[in-house]
Structure formats: C-alpha cells, structure tokens
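Everything on this sheet refers to the single structure shown next.
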Amino acid sequence: MKFTATIMAAALGLAVAGGAQAETRDYLIGTGGSGGTFYPVGVGIATLVKLKLGTRQEEQVNMSAITSQGSFDNVNMIADGRVDFGIAQSLNTDWGYRGVGDFEGTGPKENLRAVGAIMFNTKMFIAPNELAPTGTMDDLFEMEGKRVVLGQQNSGGLLSFNEFLSNIGIDDPESFFQQSHVGFQQRAEAFINGTLDAINLTSGVPNAAATMAMAALEGRVTMLSFSPEMREQMTTGTVWGPYTIPAGTYPGQNAPVETIAQPNLLLVGDHVPEQDVYDITKVMYENVPFLTSVHGSFADMSIESAIGGITIPLHPGAARFYREQGLDIPDHLIAE
C-alpha cells in the first residue's frame with residue numbers, strides 16, 4: 001500500500017543505532033479498517049514509537065498496530081485489556097467512559113484515559129449529482145430508502161451518523177436508508193459499480209476510499225456540504241466543530257466542502273505506566289513532520305489543539321508533557 005512505502009522511506013531518516021536491551025515493553029494499538037484513516041494513522045504512530053523508543057539502549061518501548069472496526073471497537077478493547085492504546089472519536093470515547101448512548105448497559109469504562117487529540121474525524125457524504133440538487137446535507141431528506149453505507153457495524157462513523165440524522169429531525173435513522181455495513185474500500189467499490197446509491201466516509205482527510213470514488217466517478221458525484229444553518233445546529237454545544245475541506249483535496253472537487261469534524265483521540269488504558277505515555281506523547285509531538293508524511297490528517301495535530309474536545313481524564317503521562325509545554329489542564333481532565 002502507498003502509505004506503507006511512505007513509512008519505510010521516512011523510517012530511513014529516523015532510525016537510530018540500538019544497543020543492548022535492558023527491558024522491553026510491547027504495546028498494541030487498535031486502529032480501524034485497512035481502507036480508512038485510522039489504520040495508516042495507527043501504523044504511523046506504532047512505527048514512530050518503534051524507531052524512537054524501541055531502539056533505546058534501556059527501557060525500550062515498542063508498539064504494534066492491529067485492525068479493528070474503529071472507535072466503538074477500540075473503546076471496548078482498551079476497556080477489556082485486549083489492546084493498550086486505540087484511536088476513537090471524542091463522542092464515542094465520552095459515551096464509553098460514562099456508559100451511555102450506544103454503550104448503554106455495558107457499564108462505565110472508567111479505565112479509559114486520553115493521550116490527546118491527534119486529528120479530526122470529518123463528515124464526508126458522497127452522492128450522485130441527481131440525488132444532490134442543492135449540494136448540501138439538506139438533500140438527505142429526499143434520499144429515504146436509498147442504498148447506503150454509513151459505516152461498519154458498531155463503528156464510530158455509523159453511530160455518529162445515525163445520531164446526526166436523529167438530530168436533524170429524521171425520526172428513525174436506522175431505518176431511513178437501506179443500510180449495509182462494510183469497510184471503506186468495499187463501500188467505495190460498491191458505490192463505483194452502482195450497487196450503492198451513496199456513501200458516508202466519516203474519517204480523517206484525505207480518505208483513500210473517498211479519493212477512489214471521486215476519481216472513478218469524477219464529474220458525476222458530489223461531496224455534500226453543510227448549509228450554514230445545519231452546521232450551526234450541529235456544532236452548538238457539541239464535540240463537533242466547523243471544518244473546511246479545501247478545494248482540490250479530492251478529484252473533481254472544485255470548491256471547498258464546508259462540513260463538520262470532531263477530534264479523533266489517541267486513548268490509552270490507565271494500566272500503562274506514566275513514563276511510557278509521557279515518552280510516547282513527547283516523541284509524537286517532536287516528530288509531527290514524520291507523522292504527516294505517513295498521513296496528511298496529522299497536519300491538524302498541534303499542542304494548541306491537543307486537549308480540545310476531550311471530556312475524559314488525561315493520562316498523567318500526557319498531562320505532564322502538556323504542562324511542560326505551557327498548557328493549563330482543566331480540573332475535569334485531571335485523573336484522580
């Protein structure tokens with residue numbers, strides 16, 4: 001895959017000589033489907049950790065990425081101890097920590113901790129031009145019964161899009177469309193061959209499946225924008241904020257797409273030692289250009305936005321690093 005080659009090329013400039021190992025700790029990070037954004041992002045983080053912390057002469061730290069179904073799955077796997085780190089939407093993280101929403105009945109997952117906001121999860125809905133006369137999300141109201149994929153089963157993209165439909169006044173969002181649930185690449189392929197009417201790709205920007213679909217159907221499809229009124233409705237008092245996808249990000253996208261996004265968080269279980277989380281947080285921020293070379297969505301990563309949109313406690317290791325960078329940590333983000 002293209003991003004794997006990019007990682008290997010960038011790795012040549014980051015590798016350092018390793019000495020004898022005194023102690024090695026190995027961690028797993030849950031990502032997402034291989035055709036989406038979470039997977040290359042997680043692989044990039046794991047590769048960076050291996051190169052910088054796995055080659056130290058003492059206290060070596062390694063990380064390996066595994067595929068998953070995304071936010072909902074990663075929250076559960078961290079809570080159950082099946083992985084140590086994971087990537088998840090802020091909204092799903094909040095629900096999981098409190099045991100509400102789609103985590104109702106599963107109990108609060110109070111061992112979740114945040115490392116920080118690493119990129120933004122952006123709503124991208126692509127439809128044929130004939131189903132998108134206004135080019136905005138208002139066109140969704142006329143798509144009842146159409147064949148779509150909003151996300152994989154139990155994924156953050158699916159859960160958050162159904163919540164979005166409910167918030168804009170669609171009473172039974174799970175039945176509004178003829179929904180099926182497949183990964184990013186599979187839904188792009190099905191959209192291209194005509195077995196789907198539209199697709200949602202809630203993810204970082206750029207998304208490889210969105211690029212595939214927009215290139216194959218260039219001139220025949222539209223990525224929907226939000227009307228100013230709907231965007232204000234969706235961003236007032238929520239984890240979502242305005243987000244602009246610049247013109248030319250995708251094939252045939254000649255104008256900016258005005259949409260919304262929420263932070264994607266790097267999460268960790270509270271069992272991981274403070275020093276390891278501190279070292280991982282530090283090495284990520286010291287190597288943002290490397291991470292951005294792996295996937296463009298890392299371009300949004302900054303100290304200034306590191307704790308925005310987070311509602312669960314920060315891991316003490318991450319909090320220590322942010323304090324050193326001059327951030328004021330609100331009381332509600334401090335782990336007891």
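Labels for the structure tokens follow display order: chains A, B, ..., residues from 1 in each chain, ligands from 1.
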Contacts of Asp26 in chain A at 12 Å or less, counting only C-alpha atoms, minus same-chain residues fewer than 3 places along, as number ranges by chain? A: 23, 29, 46, 49-50, 53-54, 59-65, 83-85, 272, 276
6 Å contact set for range 134-138 of chain A, only C-alpha atoms, chain neighbours under 4 positions out, as a list of chain:residue names: A:Leu224, A:Ser225, A:Phe226
Using only C-alpha atoms, the shortest atom-to-atom distance to Glu218 in chain A among A:Gly308, A:Gly237, A:Gly252, A:Gly317 belongs to A:Gly252
List every residue of range 223-328 of chain A that has an atom at most 12 Å from any atom of range 186-208 of chain A, and for each one report the closest atom pair and its distance in Å to one decimal, counting only C-alpha atoms, with rows sorted by chain and then by increasing residue number, as a Markdown table.
```
| residue | atom | partner | partner_atom | distance |
| --- | --- | --- | --- | --- |
| A:Met223 | CA | A:Asn200 | CA | 9.6 |
| A:Leu224 | CA | A:Asn200 | CA | 10.1 |
| A:Tyr243 | CA | A:Val205 | CA | 10.5 |
| A:Thr244 | CA | A:Val205 | CA | 10.2 |
| A:Ile245 | CA | A:Val205 | CA | 7.7 |
| A:Pro246 | CA | A:Val205 | CA | 10.0 |
| A:Ala247 | CA | A:Pro206 | CA | 11.9 |
| A:Gly248 | CA | A:Pro206 | CA | 10.8 |
| A:Thr249 | CA | A:Pro206 | CA | 7.0 |
| A:Tyr250 | CA | A:Pro206 | CA | 7.7 |
| A:Pro251 | CA | A:Pro206 | CA | 11.2 |
| A:Val257 | CA | A:Val205 | CA | 11.7 |
| A:Thr259 | CA | A:Thr202 | CA | 10.9 |
| A:Ile260 | CA | A:Thr202 | CA | 10.0 |
| A:Ala261 | CA | A:Thr202 | CA | 8.7 |
| A:Gln262 | CA | A:Ser203 | CA | 9.7 |
| A:Pro263 | CA | A:Gly204 | CA | 9.5 |
| A:Asn264 | CA | A:Gly204 | CA | 8.3 |
| A:Leu265 | CA | A:Gly204 | CA | 11.7 |
| A:Thr292 | CA | A:Pro206 | CA | 11.5 |
| A:Val294 | CA | A:Pro206 | CA | 11.7 |
| A:His295 | CA | A:Pro206 | CA | 8.1 |
| A:Gly296 | CA | A:Pro206 | CA | 6.6 |
| A:Ser297 | CA | A:Val205 | CA | 5.3 |
| A:Phe298 | CA | A:Gly204 | CA | 8.7 |
| A:Ala299 | CA | A:Val205 | CA | 9.6 |
| A:Asp300 | CA | A:Val205 | CA | 9.7 |
| A:Met301 | CA | A:Gly204 | CA | 11.6 |
```
Write out the residues from the selection above, keeping N, CA and C atoms, as a PDB file, in the first residue's frame.
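Final file, part.pdb:
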```
ATOM      1  N   MET A 223     -19.617  15.700  -3.218  1.00  0.00           N
ATOM      2  CA  MET A 223     -19.413  15.572  -1.777  1.00  0.00           C
ATOM      3  C   MET A 223     -20.205  16.699  -1.125  1.00  0.00           C
ATOM      4  N   LEU A 224     -21.176  16.339  -0.295  1.00  0.00           N
ATOM      5  CA  LEU A 224     -22.136  17.309   0.230  1.00  0.00           C
ATOM      6  C   LEU A 224     -21.501  18.227   1.269  1.00  0.00           C
ATOM      7  N   TYR A 243     -15.479  22.591   9.843  1.00  0.00           N
ATOM      8  CA  TYR A 243     -14.262  22.112   9.188  1.00  0.00           C
ATOM      9  C   TYR A 243     -14.431  22.315   7.687  1.00  0.00           C
ATOM     10  N   THR A 244     -13.394  22.856   7.049  1.00  0.00           N
ATOM     11  CA  THR A 244     -13.418  23.087   5.609  1.00  0.00           C
ATOM     12  C   THR A 244     -12.435  22.152   4.922  1.00  0.00           C
ATOM     13  N   ILE A 245     -12.925  21.364   3.969  1.00  0.00           N
ATOM     14  CA  ILE A 245     -12.053  20.543   3.131  1.00  0.00           C
ATOM     15  C   ILE A 245     -11.669  21.403   1.928  1.00  0.00           C
ATOM     16  N   PRO A 246     -10.391  21.769   1.793  1.00  0.00           N
ATOM     17  CA  PRO A 246     -10.011  22.695   0.717  1.00  0.00           C
ATOM     18  C   PRO A 246     -10.333  22.141  -0.667  1.00  0.00           C
ATOM     19  N   ALA A 247     -10.640  23.036  -1.587  1.00  0.00           N
ATOM     20  CA  ALA A 247     -10.853  22.642  -2.978  1.00  0.00           C
ATOM     21  C   ALA A 247      -9.629  21.901  -3.491  1.00  0.00           C
ATOM     22  N   GLY A 248      -9.866  20.868  -4.293  1.00  0.00           N
ATOM     23  CA  GLY A 248      -8.768  20.102  -4.857  1.00  0.00           C
ATOM     24  C   GLY A 248      -8.251  18.993  -3.977  1.00  0.00           C
ATOM     25  N   THR A 249      -8.834  18.822  -2.792  1.00  0.00           N
ATOM     26  CA  THR A 249      -8.413  17.718  -1.930  1.00  0.00           C
ATOM     27  C   THR A 249      -8.725  16.380  -2.599  1.00  0.00           C
ATOM     28  N   TYR A 250      -9.858  16.315  -3.288  1.00  0.00           N
ATOM     29  CA  TYR A 250     -10.269  15.094  -3.977  1.00  0.00           C
ATOM     30  C   TYR A 250     -10.474  15.372  -5.475  1.00  0.00           C
ATOM     31  N   PRO A 251     -10.345  14.356  -6.320  1.00  0.00           N
ATOM     32  CA  PRO A 251     -10.556  14.541  -7.756  1.00  0.00           C
ATOM     33  C   PRO A 251     -11.942  15.113  -8.050  1.00  0.00           C
ATOM     34  N   VAL A 257     -15.446  22.146   0.567  1.00  0.00           N
ATOM     35  CA  VAL A 257     -16.599  21.478   1.169  1.00  0.00           C
ATOM     36  C   VAL A 257     -16.684  21.938   2.619  1.00  0.00           C
ATOM     37  N   THR A 259     -18.007  21.419   6.033  1.00  0.00           N
ATOM     38  CA  THR A 259     -18.570  20.300   6.766  1.00  0.00           C
ATOM     39  C   THR A 259     -18.288  20.472   8.249  1.00  0.00           C
ATOM     40  N   ILE A 260     -18.337  19.380   9.004  1.00  0.00           N
ATOM     41  CA  ILE A 260     -18.057  19.433  10.432  1.00  0.00           C
ATOM     42  C   ILE A 260     -17.095  18.308  10.790  1.00  0.00           C
ATOM     43  N   ALA A 261     -16.419  18.466  11.903  1.00  0.00           N
ATOM     44  CA  ALA A 261     -15.459  17.459  12.342  1.00  0.00           C
ATOM     45  C   ALA A 261     -15.399  17.449  13.867  1.00  0.00           C
ATOM     46  N   GLN A 262     -15.027  16.303  14.400  1.00  0.00           N
ATOM     47  CA  GLN A 262     -14.768  16.190  15.828  1.00  0.00           C
ATOM     48  C   GLN A 262     -13.373  15.610  16.011  1.00  0.00           C
ATOM     49  N   PRO A 263     -12.748  15.834  17.156  1.00  0.00           N
ATOM     50  CA  PRO A 263     -11.403  15.303  17.339  1.00  0.00           C
ATOM     51  C   PRO A 263     -11.402  13.779  17.362  1.00  0.00           C
ATOM     52  N   ASN A 264     -10.390  13.202  16.752  1.00  0.00           N
ATOM     53  CA  ASN A 264     -10.065  11.801  16.959  1.00  0.00           C
ATOM     54  C   ASN A 264      -8.984  11.757  18.024  1.00  0.00           C
ATOM     55  N   LEU A 265      -9.206  10.956  19.035  1.00  0.00           N
ATOM     56  CA  LEU A 265      -8.306  10.921  20.173  1.00  0.00           C
ATOM     57  C   LEU A 265      -7.434   9.677  20.156  1.00  0.00           C
ATOM     58  N   THR A 292       3.048  13.347   9.520  1.00  0.00           N
ATOM     59  CA  THR A 292       2.326  13.934   8.398  1.00  0.00           C
ATOM     60  C   THR A 292       2.743  13.306   7.073  1.00  0.00           C
ATOM     61  N   VAL A 294       3.347  10.245   6.725  1.00  0.00           N
ATOM     62  CA  VAL A 294       2.638   8.968   6.688  1.00  0.00           C
ATOM     63  C   VAL A 294       1.191   9.179   6.274  1.00  0.00           C
ATOM     64  N   HIS A 295       0.532  10.210   6.871  1.00  0.00           N
ATOM     65  CA  HIS A 295      -0.854  10.510   6.503  1.00  0.00           C
ATOM     66  C   HIS A 295      -1.113  11.995   6.724  1.00  0.00           C
ATOM     67  N   GLY A 296      -1.719  12.628   5.714  1.00  0.00           N
ATOM     68  CA  GLY A 296      -1.919  14.067   5.740  1.00  0.00           C
ATOM     69  C   GLY A 296      -2.792  14.569   6.870  1.00  0.00           C
ATOM     70  N   SER A 297      -3.621  13.711   7.469  1.00  0.00           N
ATOM     71  CA  SER A 297      -4.509  14.168   8.547  1.00  0.00           C
ATOM     72  C   SER A 297      -3.732  14.614   9.778  1.00  0.00           C
ATOM     73  N   PHE A 298      -2.475  14.176   9.919  1.00  0.00           N
ATOM     74  CA  PHE A 298      -1.664  14.611  11.051  1.00  0.00           C
ATOM     75  C   PHE A 298      -1.313  16.099  10.964  1.00  0.00           C
ATOM     76  N   ALA A 299      -1.557  16.717   9.807  1.00  0.00           N
ATOM     77  CA  ALA A 299      -1.258  18.143   9.668  1.00  0.00           C
ATOM     78  C   ALA A 299      -2.078  18.988  10.642  1.00  0.00           C
ATOM     79  N   ASP A 300      -3.197  18.450  11.121  1.00  0.00           N
ATOM     80  CA  ASP A 300      -4.036  19.174  12.083  1.00  0.00           C
ATOM     81  C   ASP A 300      -3.537  19.038  13.523  1.00  0.00           C
ATOM     82  N   MET A 301      -2.531  18.215  13.753  1.00  0.00           N
ATOM     83  CA  MET A 301      -2.072  17.925  15.107  1.00  0.00           C
ATOM     84  C   MET A 301      -1.189  19.060  15.635  1.00  0.00           C
TER      85      MET A 301
END
```
CA of Leu159 in chain A and CA of Gly36 in chain A are how many Å apart? 16.2 Å
May I have a table of the residues of range 232-313 of chain A lying at most 12 Å from range 95-115 of chain A, giving each one's closest pair of atoms and their distance in Å to one decimal, counting only C-alpha atoms, ordered by chain and ascending residue number, as JSON lines?
```
{"residue": "A:Val239", "atom": "CA", "partner": "A:Trp95", "partner_atom": "CA", "distance": 11.9}
{"residue": "A:Pro263", "atom": "CA", "partner": "A:Ala114", "partner_atom": "CA", "distance": 11.7}
{"residue": "A:Asn264", "atom": "CA", "partner": "A:Ala114", "partner_atom": "CA", "distance": 10.5}
{"residue": "A:Leu265", "atom": "CA", "partner": "A:Ala114", "partner_atom": "CA", "distance": 6.8}
{"residue": "A:Leu266", "atom": "CA", "partner": "A:Val115", "partner_atom": "CA", "distance": 5.3}
{"residue": "A:Leu267", "atom": "CA", "partner": "A:Ala114", "partner_atom": "CA", "distance": 4.6}
{"residue": "A:Val268", "atom": "CA", "partner": "A:Arg113", "partner_atom": "CA", "distance": 5.3}
{"residue": "A:Gly269", "atom": "CA", "partner": "A:Leu112", "partner_atom": "CA", "distance": 5.1}
{"residue": "A:Asp270", "atom": "CA", "partner": "A:Asn111", "partner_atom": "CA", "distance": 5.3}
{"residue": "A:His271", "atom": "CA", "partner": "A:Asn111", "partner_atom": "CA", "distance": 7.9}
{"residue": "A:Val272", "atom": "CA", "partner": "A:Arg113", "partner_atom": "CA", "distance": 9.8}
{"residue": "A:Pro273", "atom": "CA", "partner": "A:Arg113", "partner_atom": "CA", "distance": 11.9}
{"residue": "A:Glu274", "atom": "CA", "partner": "A:Val115", "partner_atom": "CA", "distance": 11.0}
{"residue": "A:Asp276", "atom": "CA", "partner": "A:Val115", "partner_atom": "CA", "distance": 11.3}
{"residue": "A:Val277", "atom": "CA", "partner": "A:Val115", "partner_atom": "CA", "distance": 7.6}
{"residue": "A:Tyr278", "atom": "CA", "partner": "A:Val115", "partner_atom": "CA", "distance": 9.0}
{"residue": "A:Asp279", "atom": "CA", "partner": "A:Val115", "partner_atom": "CA", "distance": 11.2}
{"residue": "A:Ile280", "atom": "CA", "partner": "A:Val115", "partner_atom": "CA", "distance": 9.1}
{"residue": "A:Thr281", "atom": "CA", "partner": "A:Val115", "partner_atom": "CA", "distance": 7.0}
{"residue": "A:Lys282", "atom": "CA", "partner": "A:Val115", "partner_atom": "CA", "distance": 10.6}
{"residue": "A:Met284", "atom": "CA", "partner": "A:Val115", "partner_atom": "CA", "distance": 10.7}
{"residue": "A:Tyr285", "atom": "CA", "partner": "A:Val115", "partner_atom": "CA", "distance": 11.6}
{"residue": "A:Ile303", "atom": "CA", "partner": "A:Val115", "partner_atom": "CA", "distance": 11.8}
{"residue": "A:Ala306", "atom": "CA", "partner": "A:Val115", "partner_atom": "CA", "distance": 8.6}
{"residue": "A:Ile307", "atom": "CA", "partner": "A:Val115", "partner_atom": "CA", "distance": 8.6}
{"residue": "A:Gly308", "atom": "CA", "partner": "A:Ala114", "partner_atom": "CA", "distance": 11.2}
{"residue": "A:Gly309", "atom": "CA", "partner": "A:Ala114", "partner_atom": "CA", "distance": 10.9}
{"residue": "A:Ile310", "atom": "CA", "partner": "A:Ala114", "partner_atom": "CA", "distance": 7.5}
{"residue": "A:Thr311", "atom": "CA", "partner": "A:Ala114", "partner_atom": "CA", "distance": 8.8}
{"residue": "A:Ile312", "atom": "CA", "partner": "A:Arg113", "partner_atom": "CA", "distance": 6.6}
{"residue": "A:Pro313", "atom": "CA", "partner": "A:Arg113", "partner_atom": "CA", "distance": 5.6}
```
Export of the given selection (N, CA and C atoms) as a tab-separated table (two decimals), in the first residue's frame:
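To be explicit, this is the file written out as again-v3.tsv:
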```
chain	number	residue	atom	x	y	z
A	239	VAL	N	-19.41	18.19	20.59
A	239	VAL	CA	-17.98	17.95	20.33
A	239	VAL	C	-17.61	18.29	18.89
A	263	PRO	N	-12.75	15.83	17.16
A	263	PRO	CA	-11.40	15.30	17.34
A	263	PRO	C	-11.40	13.78	17.36
A	264	ASN	N	-10.39	13.20	16.75
A	264	ASN	CA	-10.07	11.80	16.96
A	264	ASN	C	-8.98	11.76	18.02
A	265	LEU	N	-9.21	10.96	19.03
A	265	LEU	CA	-8.31	10.92	20.17
A	265	LEU	C	-7.43	9.68	20.16
A	266	LEU	N	-6.23	9.82	20.63
A	266	LEU	CA	-5.41	8.66	20.98
A	266	LEU	C	-5.73	8.35	22.43
A	267	LEU	N	-6.23	7.14	22.67
A	267	LEU	CA	-6.62	6.69	24.01
A	267	LEU	C	-5.63	5.66	24.53
A	268	VAL	N	-5.64	5.48	25.84
A	268	VAL	CA	-4.76	4.52	26.48
A	268	VAL	C	-5.44	3.99	27.74
A	269	GLY	N	-5.13	2.77	28.11
A	269	GLY	CA	-5.64	2.24	29.37
A	269	GLY	C	-4.86	2.82	30.55
A	270	ASP	N	-5.51	2.93	31.69
A	270	ASP	CA	-4.83	3.52	32.84
A	270	ASP	C	-3.74	2.62	33.42
A	271	HIS	N	-3.59	1.38	32.86
A	271	HIS	CA	-2.56	0.46	33.35
A	271	HIS	C	-1.18	0.77	32.78
A	272	VAL	N	-1.12	1.58	31.72
A	272	VAL	CA	0.17	1.86	31.08
A	272	VAL	C	0.94	2.85	31.95
A	273	PRO	N	2.21	2.59	32.24
A	273	PRO	CA	2.98	3.45	33.15
A	273	PRO	C	3.06	4.90	32.67
A	274	GLU	N	3.11	5.82	33.62
A	274	GLU	CA	3.16	7.25	33.32
A	274	GLU	C	4.34	7.60	32.42
A	276	ASP	N	5.98	5.82	30.23
A	276	ASP	CA	5.83	5.37	28.85
A	276	ASP	C	4.89	6.28	28.07
A	277	VAL	N	3.77	6.67	28.69
A	277	VAL	CA	2.83	7.55	27.99
A	277	VAL	C	3.47	8.93	27.78
A	278	TYR	N	4.22	9.40	28.76
A	278	TYR	CA	4.93	10.67	28.61
A	278	TYR	C	5.88	10.59	27.41
A	279	ASP	N	6.68	9.52	27.34
A	279	ASP	CA	7.66	9.38	26.26
A	279	ASP	C	6.98	9.28	24.90
A	280	ILE	N	5.87	8.55	24.83
A	280	ILE	CA	5.15	8.39	23.55
A	280	ILE	C	4.54	9.72	23.12
A	281	THR	N	3.93	10.45	24.06
A	281	THR	CA	3.35	11.75	23.74
A	281	THR	C	4.43	12.70	23.24
A	282	LYS	N	5.55	12.73	23.94
A	282	LYS	CA	6.64	13.64	23.60
A	282	LYS	C	7.21	13.33	22.21
A	284	MET	N	5.79	11.88	19.71
A	284	MET	CA	4.83	12.22	18.66
A	284	MET	C	4.92	13.69	18.30
A	285	TYR	N	4.92	14.56	19.31
A	285	TYR	CA	4.93	15.99	19.03
A	285	TYR	C	6.30	16.47	18.53
A	303	ILE	N	0.02	21.27	19.59
A	303	ILE	CA	-0.10	21.42	21.05
A	303	ILE	C	-1.34	22.24	21.38
A	306	ALA	N	-4.40	20.08	21.37
A	306	ALA	CA	-4.17	18.74	21.93
A	306	ALA	C	-5.26	18.27	22.88
A	307	ILE	N	-5.87	19.19	23.63
A	307	ILE	CA	-6.87	18.75	24.61
A	307	ILE	C	-8.27	19.26	24.27
A	308	GLY	N	-8.44	19.86	23.10
A	308	GLY	CA	-9.76	20.33	22.69
A	308	GLY	C	-10.69	19.16	22.39
A	309	GLY	N	-11.93	19.25	22.85
A	309	GLY	CA	-12.93	18.22	22.57
A	309	GLY	C	-12.81	16.98	23.43
A	310	ILE	N	-11.91	16.99	24.41
A	310	ILE	CA	-11.73	15.83	25.30
A	310	ILE	C	-12.61	16.01	26.53
A	311	THR	N	-13.33	14.95	26.90
A	311	THR	CA	-14.21	15.02	28.08
A	311	THR	C	-13.83	14.01	29.15
A	312	ILE	N	-12.85	13.11	28.87
A	312	ILE	CA	-12.43	12.11	29.86
A	312	ILE	C	-11.07	12.52	30.40
A	313	PRO	N	-10.65	11.95	31.53
A	313	PRO	CA	-9.36	12.36	32.10
A	313	PRO	C	-8.18	12.05	31.19
```
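DSSP annotation of range 144-240 of chain A from backbone atoms: strand (DSSP E or B) residues are A:Arg147, A:Val148, A:Val149, A:Gln178, A:Gln179, A:Ser180, A:Ala198, A:Ile199, A:Asn200, A:Ser203, A:Val221, A:Thr222, A:Met223, A:Ser225.
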Those residues you just picked out, can you put them in a file as a JSON list (two decimals), in the first residue's frame with N, CA and C atoms?
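The result, written out as out.json:
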```json
[["chain", "number", "residue", "atom", "x", "y", "z"],
["A", 147, "ARG", "N", -29.96, 3.07, -1.01],
["A", 147, "ARG", "CA", -28.97, 2.09, -0.53],
["A", 147, "ARG", "C", -27.68, 2.82, -0.17],
["A", 148, "VAL", "N", -27.31, 2.78, 1.10],
["A", 148, "VAL", "CA", -26.11, 3.49, 1.54],
["A", 148, "VAL", "C", -25.32, 2.63, 2.53],
["A", 149, "VAL", "N", -24.06, 3.00, 2.69],
["A", 149, "VAL", "CA", -23.27, 2.53, 3.82],
["A", 149, "VAL", "C", -22.85, 3.76, 4.61],
["A", 178, "GLN", "N", -31.67, 2.16, 3.29],
["A", 178, "GLN", "CA", -31.38, 0.73, 3.23],
["A", 178, "GLN", "C", -29.89, 0.58, 3.54],
["A", 179, "GLN", "N", -29.58, 0.38, 4.80],
["A", 179, "GLN", "CA", -28.19, 0.39, 5.21],
["A", 179, "GLN", "C", -27.53, -0.98, 5.08],
["A", 180, "SER", "N", -26.30, -0.97, 4.62],
["A", 180, "SER", "CA", -25.43, -2.14, 4.75],
["A", 180, "SER", "C", -24.15, -1.65, 5.41],
["A", 198, "ALA", "N", -25.23, 5.91, -2.31],
["A", 198, "ALA", "CA", -24.44, 6.96, -1.68],
["A", 198, "ALA", "C", -23.60, 6.33, -0.58],
["A", 199, "ILE", "N", -22.55, 7.04, -0.16],
["A", 199, "ILE", "CA", -21.69, 6.52, 0.90],
["A", 199, "ILE", "C", -21.29, 7.63, 1.86],
["A", 200, "ASN", "N", -21.19, 7.28, 3.12],
["A", 200, "ASN", "CA", -20.63, 8.14, 4.16],
["A", 200, "ASN", "C", -19.21, 7.67, 4.45],
["A", 203, "SER", "N", -14.14, 10.25, 8.61],
["A", 203, "SER", "CA", -12.73, 9.87, 8.75],
["A", 203, "SER", "C", -11.87, 11.12, 8.71],
["A", 221, "VAL", "N", -20.51, 12.84, -9.36],
["A", 221, "VAL", "CA", -20.88, 12.76, -7.94],
["A", 221, "VAL", "C", -20.50, 14.05, -7.23],
["A", 222, "THR", "N", -21.12, 14.24, -6.06],
["A", 222, "THR", "CA", -20.90, 15.44, -5.25],
["A", 222, "THR", "C", -20.61, 15.04, -3.82],
["A", 223, "MET", "N", -19.62, 15.70, -3.22],
["A", 223, "MET", "CA", -19.41, 15.57, -1.78],
["A", 223, "MET", "C", -20.21, 16.70, -1.13],
["A", 225, "SER", "N", -21.85, 19.50, 1.17],
["A", 225, "SER", "CA", -21.51, 20.48, 2.19],
["A", 225, "SER", "C", -22.66, 20.61, 3.18]]
```
Per-residue DSSP, range 145-184 of chain A, filtered to alpha helix (DSSP H), as a tab-separated table (two decimals) with N, CA and C atoms, in the first residue's frame:
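Contents of states_18.tsv, freshly written:
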```tsv
chain	number	residue	atom	x	y	z
A	156	GLY	N	-17.59	4.01	14.89
A	156	GLY	CA	-17.90	5.38	15.29
A	156	GLY	C	-18.60	6.15	14.19
A	157	GLY	N	-18.19	5.90	12.92
A	157	GLY	CA	-18.82	6.60	11.81
A	157	GLY	C	-20.30	6.29	11.70
A	158	LEU	N	-20.66	5.02	11.85
A	158	LEU	CA	-22.07	4.62	11.79
A	158	LEU	C	-22.86	5.20	12.95
A	159	LEU	N	-22.34	5.06	14.15
A	159	LEU	CA	-23.06	5.51	15.33
A	159	LEU	C	-23.27	7.02	15.30
A	160	SER	N	-22.22	7.76	14.94
A	160	SER	CA	-22.34	9.22	14.95
A	160	SER	C	-23.21	9.72	13.81
A	161	PHE	N	-23.22	9.02	12.65
A	161	PHE	CA	-24.07	9.49	11.55
A	161	PHE	C	-25.54	9.23	11.87
A	162	ASN	N	-25.86	8.09	12.47
A	162	ASN	CA	-27.25	7.86	12.86
A	162	ASN	C	-27.70	8.88	13.89
A	163	GLU	N	-26.78	9.27	14.80
A	163	GLU	CA	-27.13	10.32	15.77
A	163	GLU	C	-27.35	11.65	15.05
A	164	PHE	N	-26.52	11.94	14.06
A	164	PHE	CA	-26.67	13.16	13.27
A	164	PHE	C	-28.04	13.19	12.59
A	165	LEU	N	-28.46	12.06	11.97
A	165	LEU	CA	-29.76	12.01	11.32
A	165	LEU	C	-30.88	12.29	12.33
A	166	SER	N	-30.75	11.73	13.52
A	166	SER	CA	-31.75	11.98	14.55
A	166	SER	C	-31.79	13.46	14.94
A	167	ASN	N	-30.60	14.08	15.04
A	167	ASN	CA	-30.52	15.48	15.44
A	167	ASN	C	-31.12	16.44	14.41
A	173	PRO	N	-33.60	6.91	12.27
A	173	PRO	CA	-32.43	6.97	11.41
A	173	PRO	C	-31.91	5.62	10.95
A	174	GLU	N	-32.05	4.59	11.78
A	174	GLU	CA	-31.51	3.29	11.41
A	174	GLU	C	-32.30	2.63	10.29
A	175	SER	N	-33.55	3.09	10.08
A	175	SER	CA	-34.38	2.53	9.01
A	175	SER	C	-34.58	3.50	7.85
A	176	PHE	N	-34.07	4.70	7.98
A	176	PHE	CA	-34.31	5.73	6.94
A	176	PHE	C	-33.70	5.31	5.61
A	184	PHE	N	-14.28	0.78	4.35
A	184	PHE	CA	-14.14	1.93	3.47
A	184	PHE	C	-13.95	1.52	2.01
```
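In this structure, CA of Gly30 in chain A sits 9.1 Å away from CA of Arg82 in chain A.
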Given the choices A:Asn254, A:Thr55, A:Gln69, A:Asn74, which gets closest to Leu28 in chain A if the distance is worked out from only C-alpha atoms? A:Asn74
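The spacing separating CA of Gly32 in chain A from CA of Ala127 in chain A amounts to 23.6 Å.
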